[in-house]
$ cat coords-v3.pdb   # PDB, C-alpha atoms, pLDDT in the B column
ATOM      1  CA  LEU A 148      11.205   0.673  -7.616  1.00 36.00           C
ATOM      2  CA  PHE A 149      13.675   1.174  -4.761  1.00 37.00           C
ATOM      3  CA  GLY A 150      16.655   1.351  -7.128  1.00 39.00           C
ATOM      4  CA  LEU A 151      16.546  -2.424  -7.613  1.00 38.00           C
ATOM      5  CA  ASP A 152      16.768  -4.264 -10.906  1.00 39.00           C
ATOM      6  CA  PHE A 153      13.513  -6.179 -11.248  1.00 37.00           C
ATOM      7  CA  SER A 154      14.292  -7.313 -14.784  1.00 41.00           C
ATOM      8  CA  LEU A 155      15.522 -10.592 -13.319  1.00 40.00           C
ATOM      9  CA  LEU A 156      12.168 -11.224 -11.690  1.00 39.00           C
ATOM     10  CA  GLU A 157       9.276 -12.898 -13.425  1.00 41.00           C
ATOM     11  CA  PRO A 158       6.110 -10.786 -13.662  1.00 40.00           C
ATOM     12  CA  ILE A 159       3.477 -11.707 -11.141  1.00 41.00           C
ATOM     13  CA  ASP A 160       0.609 -13.334 -12.992  1.00 41.00           C
ATOM     14  CA  ASP A 161      -1.004 -15.341 -10.220  1.00 38.00           C
ATOM     15  CA  VAL A 162      -1.742 -12.549  -7.758  1.00 38.00           C
ATOM     16  CA  LYS A 163      -5.467 -12.322  -7.204  1.00 38.00           C
ATOM     17  CA  PRO A 164      -6.476  -9.354  -5.057  1.00 41.00           C
ATOM     18  CA  HIS A 165     -10.093  -9.394  -3.947  1.00 39.00           C
ATOM     19  CA  PHE A 166     -11.889  -6.071  -3.856  1.00 41.00           C
ATOM     20  CA  LYS A 167     -15.292  -5.393  -2.355  1.00 39.00           C
ATOM     21  CA  GLY A 168     -16.937  -2.004  -2.515  1.00 40.00           C
ATOM     22  CA  HIS A 169     -19.865   0.196  -3.427  1.00 37.00           C
ATOM     23  CA  ASN A 170     -19.762   2.643  -6.327  1.00 39.00           C
ATOM     24  CA  VAL A 171     -16.104   1.827  -6.988  1.00 44.00           C
ATOM     25  CA  GLN A 172     -14.476   1.493 -10.390  1.00 45.00           C
ATOM     26  CA  ILE A 173     -11.255  -0.077 -11.530  1.00 45.00           C
ATOM     27  CA  GLN A 174      -9.208   0.152 -14.708  1.00 44.00           C
ATOM     28  CA  ALA A 175      -6.254  -1.893 -15.866  1.00 42.00           C
ATOM     29  CA  PRO A 176      -3.794  -0.286 -18.316  1.00 40.00           C
ATOM     30  CA  ASP A 177      -4.979  -2.422 -21.223  1.00 44.00           C
ATOM     31  CA  GLU A 178      -8.629  -1.406 -20.842  1.00 44.00           C
ATOM     32  CA  GLU A 179     -10.096   1.643 -22.555  1.00 45.00           C
ATOM     33  CA  ASN A 180     -13.113   2.166 -20.337  1.00 42.00           C
ATOM     34  CA  TYR A 181     -13.845   1.968 -16.660  1.00 38.00           C
ATOM     35  CA  GLY A 182     -16.378  -0.576 -15.491  1.00 40.00           C
ATOM     36  CA  PRO A 183     -18.141  -1.521 -12.253  1.00 40.00           C
ATOM     37  CA  ILE A 184     -16.053  -3.658  -9.978  1.00 41.00           C
ATOM     38  CA  SER A 185     -17.120  -7.244  -9.299  1.00 39.00           C
ATOM     39  CA  ASP A 186     -16.920  -9.100  -5.996  1.00 37.00           C
ATOM     40  CA  LYS A 187     -13.735 -10.867  -7.106  1.00 32.00           C
ATOM     41  CA  ILE A 188     -11.549  -9.517  -9.871  1.00 35.00           C
ATOM     42  CA  SER A 189      -7.924 -10.018 -10.851  1.00 38.00           C
ATOM     43  CA  ALA A 190      -6.761  -6.863 -12.631  1.00 36.00           C
ATOM     44  CA  TRP A 191      -2.990  -6.802 -12.161  1.00 29.00           C
ATOM     45  CA  THR A 192      -0.870  -6.387 -15.250  1.00 29.00           C
ATOM     46  CA  ARG A 193       1.681  -8.984 -16.255  1.00 32.00           C
ATOM     47  CA  THR A 194       4.376  -6.437 -17.053  1.00 34.00           C
ATOM     48  CA  VAL A 195       6.495  -5.218 -14.161  1.00 36.00           C
ATOM     49  CA  GLY A 196       6.358  -1.429 -14.080  1.00 46.00           C
ATOM     50  CA  ASN A 197       2.837  -1.003 -15.446  1.00 49.00           C
ATOM     51  CA  ALA A 198       0.341   0.250 -12.919  1.00 61.00           C
ATOM     52  CA  VAL A 199      -3.132  -0.771 -11.928  1.00 71.00           C
ATOM     53  CA  GLU A 200      -5.231   2.334 -11.416  1.00 74.00           C
ATOM     54  CA  ILE A 201      -8.085   2.310  -8.905  1.00 77.00           C
ATOM     55  CA  ASN A 202     -10.498   5.242  -9.012  1.00 78.00           C
ATOM     56  CA  VAL A 203     -13.096   6.197  -6.437  1.00 78.00           C
ATOM     57  CA  PRO A 204     -15.588   8.639  -8.001  1.00 79.00           C
ATOM     58  CA  ALA A 205     -16.187  12.055  -6.459  1.00 84.00           C
ATOM     59  CA  GLY A 206     -18.599  11.941  -3.552  1.00 84.00           C
ATOM     60  CA  ALA A 207     -18.550   8.142  -3.234  1.00 79.00           C
ATOM     61  CA  HIS A 208     -18.032   6.211   0.009  1.00 79.00           C
ATOM     62  CA  ALA A 209     -16.120   3.041  -0.798  1.00 77.00           C
ATOM     63  CA  ARG A 210     -14.549   0.107   1.008  1.00 77.00           C
ATOM     64  CA  LEU A 211     -11.862  -1.995  -0.673  1.00 77.00           C
ATOM     65  CA  GLU A 212     -10.299  -5.165   0.687  1.00 76.00           C
ATOM     66  CA  SER A 213      -7.232  -6.723  -0.927  1.00 76.00           C
ATOM     67  CA  THR A 214      -5.576  -9.982   0.106  1.00 76.00           C
ATOM     68  CA  ILE A 215      -2.481 -10.924  -1.883  1.00 76.00           C
ATOM     69  CA  SER A 216      -0.816 -14.309  -1.444  1.00 76.00           C
ATOM     70  CA  LEU A 217       2.633 -14.462  -3.038  1.00 75.00           C
ATOM     71  CA  GLU A 218       4.028 -17.637  -4.541  1.00 75.00           C
ATOM     72  CA  LYS A 219       7.045 -16.287  -6.439  1.00 75.00           C
ATOM     73  CA  SER A 220       9.249 -13.203  -6.775  1.00 77.00           C
ATOM     74  CA  GLY A 221       7.841 -10.131  -8.477  1.00 73.00           C
ATOM     75  CA  ALA A 222       6.856  -6.483  -8.246  1.00 73.00           C
ATOM     76  CA  LEU A 223       3.560  -4.610  -8.127  1.00 75.00           C
ATOM     77  CA  LEU A 224       2.691  -0.966  -8.756  1.00 78.00           C
ATOM     78  CA  GLN A 225      -0.728   0.525  -8.098  1.00 80.00           C
ATOM     79  CA  ILE A 226      -2.160   4.031  -8.227  1.00 82.00           C
ATOM     80  CA  VAL A 227      -5.194   4.893  -6.113  1.00 86.00           C
ATOM     81  CA  ARG A 228      -7.195   8.057  -6.792  1.00 85.00           C
ATOM     82  CA  VAL A 229      -9.814   9.259  -4.332  1.00 89.00           C
ATOM     83  CA  GLY A 230     -12.164  11.783  -5.939  1.00 89.00           C
ATOM     84  CA  ALA A 231     -13.197  15.122  -4.475  1.00 93.00           C
ATOM     85  CA  GLY A 232     -15.408  14.729  -1.418  1.00 92.00           C
ATOM     86  CA  ALA A 233     -15.120  10.928  -1.502  1.00 88.00           C
ATOM     87  CA  GLN A 234     -14.163   8.538   1.291  1.00 87.00           C
ATOM     88  CA  LEU A 235     -12.170   5.346   0.815  1.00 85.00           C
ATOM     89  CA  ASP A 236     -11.546   2.654   3.437  1.00 86.00           C
ATOM     90  CA  PHE A 237      -8.733   0.532   1.990  1.00 86.00           C
ATOM     91  CA  PHE A 238      -7.477  -2.678   3.638  1.00 85.00           C
ATOM     92  CA  GLU A 239      -4.433  -4.571   2.314  1.00 85.00           C
ATOM     93  CA  HIS A 240      -3.005  -7.877   3.525  1.00 84.00           C
ATOM     94  CA  TYR A 241       0.166  -9.439   2.080  1.00 82.00           C
ATOM     95  CA  MET A 242       1.111 -13.046   2.747  1.00 81.00           C
ATOM     96  CA  SER A 243       3.510 -15.683   1.440  1.00 79.00           C
ATOM     97  CA  GLU A 244       4.653 -19.155   2.350  1.00 77.00           C
ATOM     98  CA  SER A 245       8.148 -19.995   3.603  1.00 77.00           C
ATOM     99  CA  LEU A 246       9.739 -19.442   0.189  1.00 76.00           C
ATOM    100  CA  PRO A 247      12.992 -17.622  -0.682  1.00 81.00           C
ATOM    101  CA  ILE A 248      11.401 -14.883  -2.815  1.00 83.00           C
ATOM    102  CA  MET A 249      11.790 -11.130  -3.276  1.00 84.00           C
ATOM    103  CA  PHE A 250       8.757  -8.871  -3.444  1.00 81.00           C
ATOM    104  CA  GLY A 251       8.601  -5.187  -4.360  1.00 81.00           C
ATOM    105  CA  GLN A 252       5.448  -3.116  -4.060  1.00 84.00           C
ATOM    106  CA  LYS A 253       4.691   0.578  -4.520  1.00 86.00           C
ATOM    107  CA  THR A 254       1.370   2.324  -3.982  1.00 89.00           C
ATOM    108  CA  ILE A 255       0.733   5.977  -4.846  1.00 91.00           C
ATOM    109  CA  PHE A 256      -2.361   7.649  -3.425  1.00 94.00           C
ATOM    110  CA  HIS A 257      -3.841  10.861  -4.805  1.00 95.00           C
ATOM    111  CA  VAL A 258      -6.480  12.251  -2.444  1.00 97.00           C
ATOM    112  CA  ALA A 259      -8.488  15.082  -3.995  1.00 97.00           C
ATOM    113  CA  ASN A 260      -9.895  18.102  -2.186  1.00 97.00           C
ATOM    114  CA  ASN A 261     -12.262  17.462   0.734  1.00 97.00           C
ATOM    115  CA  ALA A 262     -11.728  13.701   0.530  1.00 97.00           C
ATOM    116  CA  GLN A 263     -10.900  11.201   3.255  1.00 95.00           C
ATOM    117  CA  LEU A 264      -8.682   8.107   3.077  1.00 96.00           C
ATOM    118  CA  ASN A 265      -8.478   5.416   5.753  1.00 94.00           C
ATOM    119  CA  TYR A 266      -5.674   3.039   4.848  1.00 94.00           C
ATOM    120  CA  TYR A 267      -4.678  -0.120   6.736  1.00 93.00           C
ATOM    121  CA  ALA A 268      -1.941  -2.529   5.638  1.00 92.00           C
ATOM    122  CA  ILE A 269      -0.548  -5.710   7.193  1.00 91.00           C
ATOM    123  CA  GLN A 270       2.560  -7.448   5.863  1.00 89.00           C
ATOM    124  CA  ARG A 271       2.822 -11.075   7.002  1.00 88.00           C
ATOM    125  CA  VAL A 272       5.035 -12.652   4.364  1.00 87.00           C
ATOM    126  CA  GLY A 273       7.139 -15.718   5.073  1.00 87.00           C
ATOM    127  CA  PRO A 274      10.430 -15.748   7.016  1.00 87.00           C
ATOM    128  CA  LYS A 275      12.546 -16.212   3.859  1.00 88.00           C
ATOM    129  CA  THR A 276      10.991 -13.363   1.864  1.00 88.00           C
ATOM    130  CA  LEU A 277      12.761 -10.085   1.079  1.00 89.00           C
ATOM    131  CA  SER A 278      10.076  -7.380   1.190  1.00 88.00           C
ATOM    132  CA  PHE A 279      10.435  -3.843  -0.216  1.00 89.00           C
ATOM    133  CA  ALA A 280       7.478  -1.453  -0.033  1.00 90.00           C
ATOM    134  CA  GLU A 281       6.842   2.226  -0.737  1.00 91.00           C
ATOM    135  CA  LYS A 282       3.657   4.066   0.215  1.00 94.00           C
ATOM    136  CA  GLU A 283       3.295   7.583  -1.151  1.00 95.00           C
ATOM    137  CA  PHE A 284       0.376   9.842  -0.242  1.00 97.00           C
ATOM    138  CA  HIS A 285      -0.492  13.149  -1.954  1.00 97.00           C
ATOM    139  CA  LEU A 286      -3.126  15.128  -0.047  1.00 97.00           C
ATOM    140  CA  GLY A 287      -5.165  18.006  -1.490  1.00 97.00           C
ATOM    141  CA  ASP A 288      -7.038  20.819   0.234  1.00 98.00           C
ATOM    142  CA  ASN A 289      -9.030  19.957   3.363  1.00 97.00           C
ATOM    143  CA  THR A 290      -8.194  16.261   3.153  1.00 97.00           C
ATOM    144  CA  ASN A 291      -7.996  13.803   6.018  1.00 97.00           C
ATOM    145  CA  LEU A 292      -5.795  10.700   6.189  1.00 96.00           C
ATOM    146  CA  THR A 293      -5.750   7.846   8.690  1.00 95.00           C
ATOM    147  CA  CYS A 294      -2.921   5.394   8.091  1.00 94.00           C
ATOM    148  CA  PHE A 295      -1.890   2.182   9.855  1.00 94.00           C
ATOM    149  CA  HIS A 296       0.914  -0.118   8.720  1.00 93.00           C
ATOM    150  CA  ALA A 297       2.172  -3.320  10.362  1.00 92.00           C
ATOM    151  CA  ASP A 298       5.330  -5.214   9.393  1.00 91.00           C
ATOM    152  CA  MET A 299       5.244  -8.691  10.903  1.00 89.00           C
ATOM    153  CA  GLY A 300       7.003 -10.963   8.419  1.00 88.00           C
ATOM    154  CA  ALA A 301       9.970 -11.220   6.036  1.00 90.00           C
ATOM    155  CA  ARG A 302      13.659 -11.971   6.494  1.00 91.00           C
ATOM    156  CA  LEU A 303      14.363  -8.387   5.438  1.00 91.00           C
ATOM    157  CA  SER A 304      11.632  -5.730   5.372  1.00 91.00           C
ATOM    158  CA  ARG A 305      12.290  -2.264   3.949  1.00 92.00           C
ATOM    159  CA  THR A 306       9.281   0.064   4.099  1.00 92.00           C
ATOM    160  CA  THR A 307       9.068   3.771   3.267  1.00 93.00           C
ATOM    161  CA  ILE A 308       5.929   5.797   3.960  1.00 94.00           C
ATOM    162  CA  ALA A 309       5.830   9.399   2.718  1.00 95.00           C
ATOM    163  CA  HIS A 310       3.005  11.894   3.258  1.00 96.00           C
ATOM    164  CA  HIS A 311       2.951  14.898   0.926  1.00 96.00           C
ATOM    165  CA  PHE A 312       0.678  17.636   2.280  1.00 96.00           C
ATOM    166  CA  ASP A 313       0.214  19.450  -1.023  1.00 96.00           C
ATOM    167  CA  GLY A 314      -2.968  21.363  -0.185  1.00 95.00           C
ATOM    168  CA  THR A 315      -4.014  23.733   2.562  1.00 96.00           C
ATOM    169  CA  HIS A 316      -5.601  22.379   5.755  1.00 96.00           C
ATOM    170  CA  ALA A 317      -4.607  18.802   4.870  1.00 96.00           C
ATOM    171  CA  GLU A 318      -4.372  16.587   7.941  1.00 95.00           C
ATOM    172  CA  ALA A 319      -3.063  13.169   8.945  1.00 94.00           C
ATOM    173  CA  PRO A 320      -3.951  13.097  12.662  1.00 90.00           C
ATOM    174  CA  GLU A 321      -3.501   9.332  13.009  1.00 89.00           C
ATOM    175  CA  HIS A 322      -0.518   7.693  11.348  1.00 89.00           C
ATOM    176  CA  SER A 323       0.666   4.610  13.203  1.00 91.00           C
ATOM    177  CA  ALA A 324       3.221   1.999  12.218  1.00 91.00           C
ATOM    178  CA  VAL A 325       4.319  -1.095  14.137  1.00 90.00           C
ATOM    179  CA  PHE A 326       6.770  -3.937  13.606  1.00 89.00           C
ATOM    180  CA  PHE A 327       7.306  -7.226  15.406  1.00 91.00           C
ATOM    181  CA  GLY A 328      10.404  -9.357  14.837  1.00 88.00           C
ATOM    182  CA  SER A 329      12.154 -12.480  16.085  1.00 90.00           C
ATOM    183  CA  GLN A 330      15.084 -14.742  15.209  1.00 90.00           C
ATOM    184  CA  HIS A 331      17.185 -13.029  12.480  1.00 90.00           C
ATOM    185  CA  GLN A 332      14.571 -10.707  11.001  1.00 91.00           C
ATOM    186  CA  HIS A 333      15.601  -7.152  10.073  1.00 93.00           C
ATOM    187  CA  PHE A 334      13.200  -4.204   9.744  1.00 91.00           C
ATOM    188  CA  ASP A 335      13.941  -0.832   8.159  1.00 92.00           C
ATOM    189  CA  LEU A 336      10.947   1.483   8.454  1.00 91.00           C
ATOM    190  CA  THR A 337      11.052   5.118   7.341  1.00 91.00           C
ATOM    191  CA  THR A 338       8.213   7.632   7.689  1.00 92.00           C
ATOM    192  CA  GLN A 339       8.120  11.137   6.251  1.00 92.00           C
ATOM    193  CA  ALA A 340       5.731  14.081   6.548  1.00 94.00           C
ATOM    194  CA  LEU A 341       6.401  16.711   3.881  1.00 94.00           C
ATOM    195  CA  HIS A 342       4.328  19.830   4.539  1.00 95.00           C
ATOM    196  CA  HIS A 343       4.267  21.666   1.207  1.00 95.00           C
ATOM    197  CA  GLY A 344       0.950  23.430   1.851  1.00 94.00           C
ATOM    198  CA  THR A 345      -0.075  25.816   4.609  1.00 95.00           C
ATOM    199  CA  ASN A 346      -1.996  25.046   7.804  1.00 96.00           C
ATOM    200  CA  THR A 347      -1.329  21.305   7.568  1.00 95.00           C
ATOM    201  CA  LYS A 348      -1.102  18.858  10.467  1.00 94.00           C
ATOM    202  CA  SER A 349       0.347  15.405  11.041  1.00 93.00           C
ATOM    203  CA  ASN A 350       0.981  13.019  13.891  1.00 93.00           C
ATOM    204  CA  ILE A 351       3.251   9.989  13.424  1.00 92.00           C
ATOM    205  CA  LEU A 352       3.688   7.191  15.952  1.00 91.00           C
ATOM    206  CA  VAL A 353       5.992   4.205  15.327  1.00 91.00           C
ATOM    207  CA  LYS A 354       6.568   1.366  17.795  1.00 92.00           C
ATOM    208  CA  GLY A 355       8.203  -2.033  17.560  1.00 90.00           C
ATOM    209  CA  ALA A 356       9.088  -5.119  19.581  1.00 92.00           C
ATOM    210  CA  LEU A 357      12.023  -7.412  18.846  1.00 90.00           C
ATOM    211  CA  LYS A 358      13.404 -10.580  20.356  1.00 91.00           C
ATOM    212  CA  ASP A 359      16.193 -13.082  19.704  1.00 92.00           C
ATOM    213  CA  LYS A 360      18.643 -11.576  17.204  1.00 91.00           C
ATOM    214  CA  ALA A 361      16.086  -9.500  15.325  1.00 90.00           C
ATOM    215  CA  SER A 362      16.973  -5.907  14.477  1.00 91.00           C
TER     216      SER A 362
END
$ encode --input "coords-v3.pdb" --output "structure tokens"
Amino acid sequence: LFGLDFSLLEPIDDVKPHFKGHNVQIQAPDEENYGPISDKISAWTRTVGNAVEINVPAGAHARLESTISLEKSGALLQIVRVGAGAQLDFFEHYMSESLPIMFGQKTIFHVANNAQLNYYAIQRVGPKTLSFAEKEFHLGDNTNLTCFHADMGARLSRTTIAHHFDGTHAEAPEHSAVFFGSQHQHFDLTTQALHHGTNTKSNILVKGALKDKAS
């Protein structure tokens, strides 16, 4: 992740994301079979670099909510697959106390043909946290993506958001990102729209507000 050496970080074993949804399944790398998701489930691996895979079946309409409260340094990797013709509303919220920790997180989305993804993320970690995040979207034929990301915390926040329009007629008509900083906070936010397919559309809007010595 991000070209950083996470071998010095302890694996996160106390992160407890809470998912709520209908007709949604989840699989951790050490499980052989998929099973119905419960109201509260902790399915993150303890080994940095292994991924949690979240699958939304074809044709399903699902809503997932994840709140992660960080208490120590670590890294997370998750892969989200939205099946053909499915719709996923995914909400993520990251928080931490005023602790000097480093957090790395990468999420890879695979959106199958004729599917829709609505993704909303808020980062509100503590003022001493170093936050590094990558969001990578791969869009199939006739897909639709709505994406909103807000960076509001961290001493240093580095976020990269990349949209890969792999299929034809893939669209991301609403991609918004905002950041708010004060004191000595520093934000580095990069957005990319990579139009590999034909007849694809995107619209990216990024705005921020800074005060004090924030940059």
$ closest_residue --input "coords-v3.pdb" --among "A:Phe327, A:Phe284, A:Phe334, A:Phe312" --to "Ile255 of chain A" --atoms "all atoms listed in the file"
A:Phe284
$ residues_around --input "coords-v3.pdb" --residues "Gln252 of chain A" --least-positions-apart "5" --cutoff "10 Å" --atoms "all atoms listed in the file" --output "PyMOL selection string"
chain A and resi 148-149+221-225+278-282+306
$ atom_distance --input "coords-v3.pdb" --atom1 "atom CA of Gly314 of chain A" --atom2 "atom CA of Ala340 of chain A"
13.2 Å
$ residues_around --input "coords-v3.pdb" --residues "Gly344 of chain A" --least-positions-apart "3" --cutoff "9 Å" --atoms "all atoms listed in the file" --output "list in words"
Gly287, Asp288, His311, Phe312, Asp313, Gly314, Thr315, His316, Ala317, Leu341 and Thr347 of chain A
$ resolve_selection --input "coords-v3.pdb" --expression "the PyMOL selection byres ((chain A and resi 318-321) around 12)" --output "VMD selection string"
chain A and resid 258 260 to 267 284 to 296 309 to 317 322 to 324 339 to 342 344 to 353
$ residues_near_point --input "coords-v3.pdb" --point "(6.4, -17.0, 8.1)" --cutoff "10 Å" --atoms "all atoms listed in the file" --output "list in words"
Met242, Ser243, Glu244, Ser245, Leu246, Arg271, Val272, Gly273, Pro274, Lys275, Thr276, Met299, Gly300, Ala301 and Arg302 of chain A
$ residues_around --input "coords-v3.pdb" --residues "segment 357-361 of chain A" --least-positions-apart "5" --cutoff "6 Å" --atoms "only C-alpha atoms" --output "number ranges by chain"
A: 327-333
$ atom_distance --input "coords-v3.pdb" --atom1 "atom CA of Thr254 of chain A" --atom2 "atom CA of Asp335 of chain A"
17.8 Å
$ atom_distance --input "coords-v3.pdb" --atom1 "atom CA of Gln234 of chain A" --atom2 "atom CA of His208 of chain A"
4.7 Å
$ closest_residue --input "coords-v3.pdb" --among "A:Thr337, A:Ser220, A:Asn202, A:Ser213" --to "Lys354 of chain A" --atoms "only C-alpha atoms"
A:Thr337
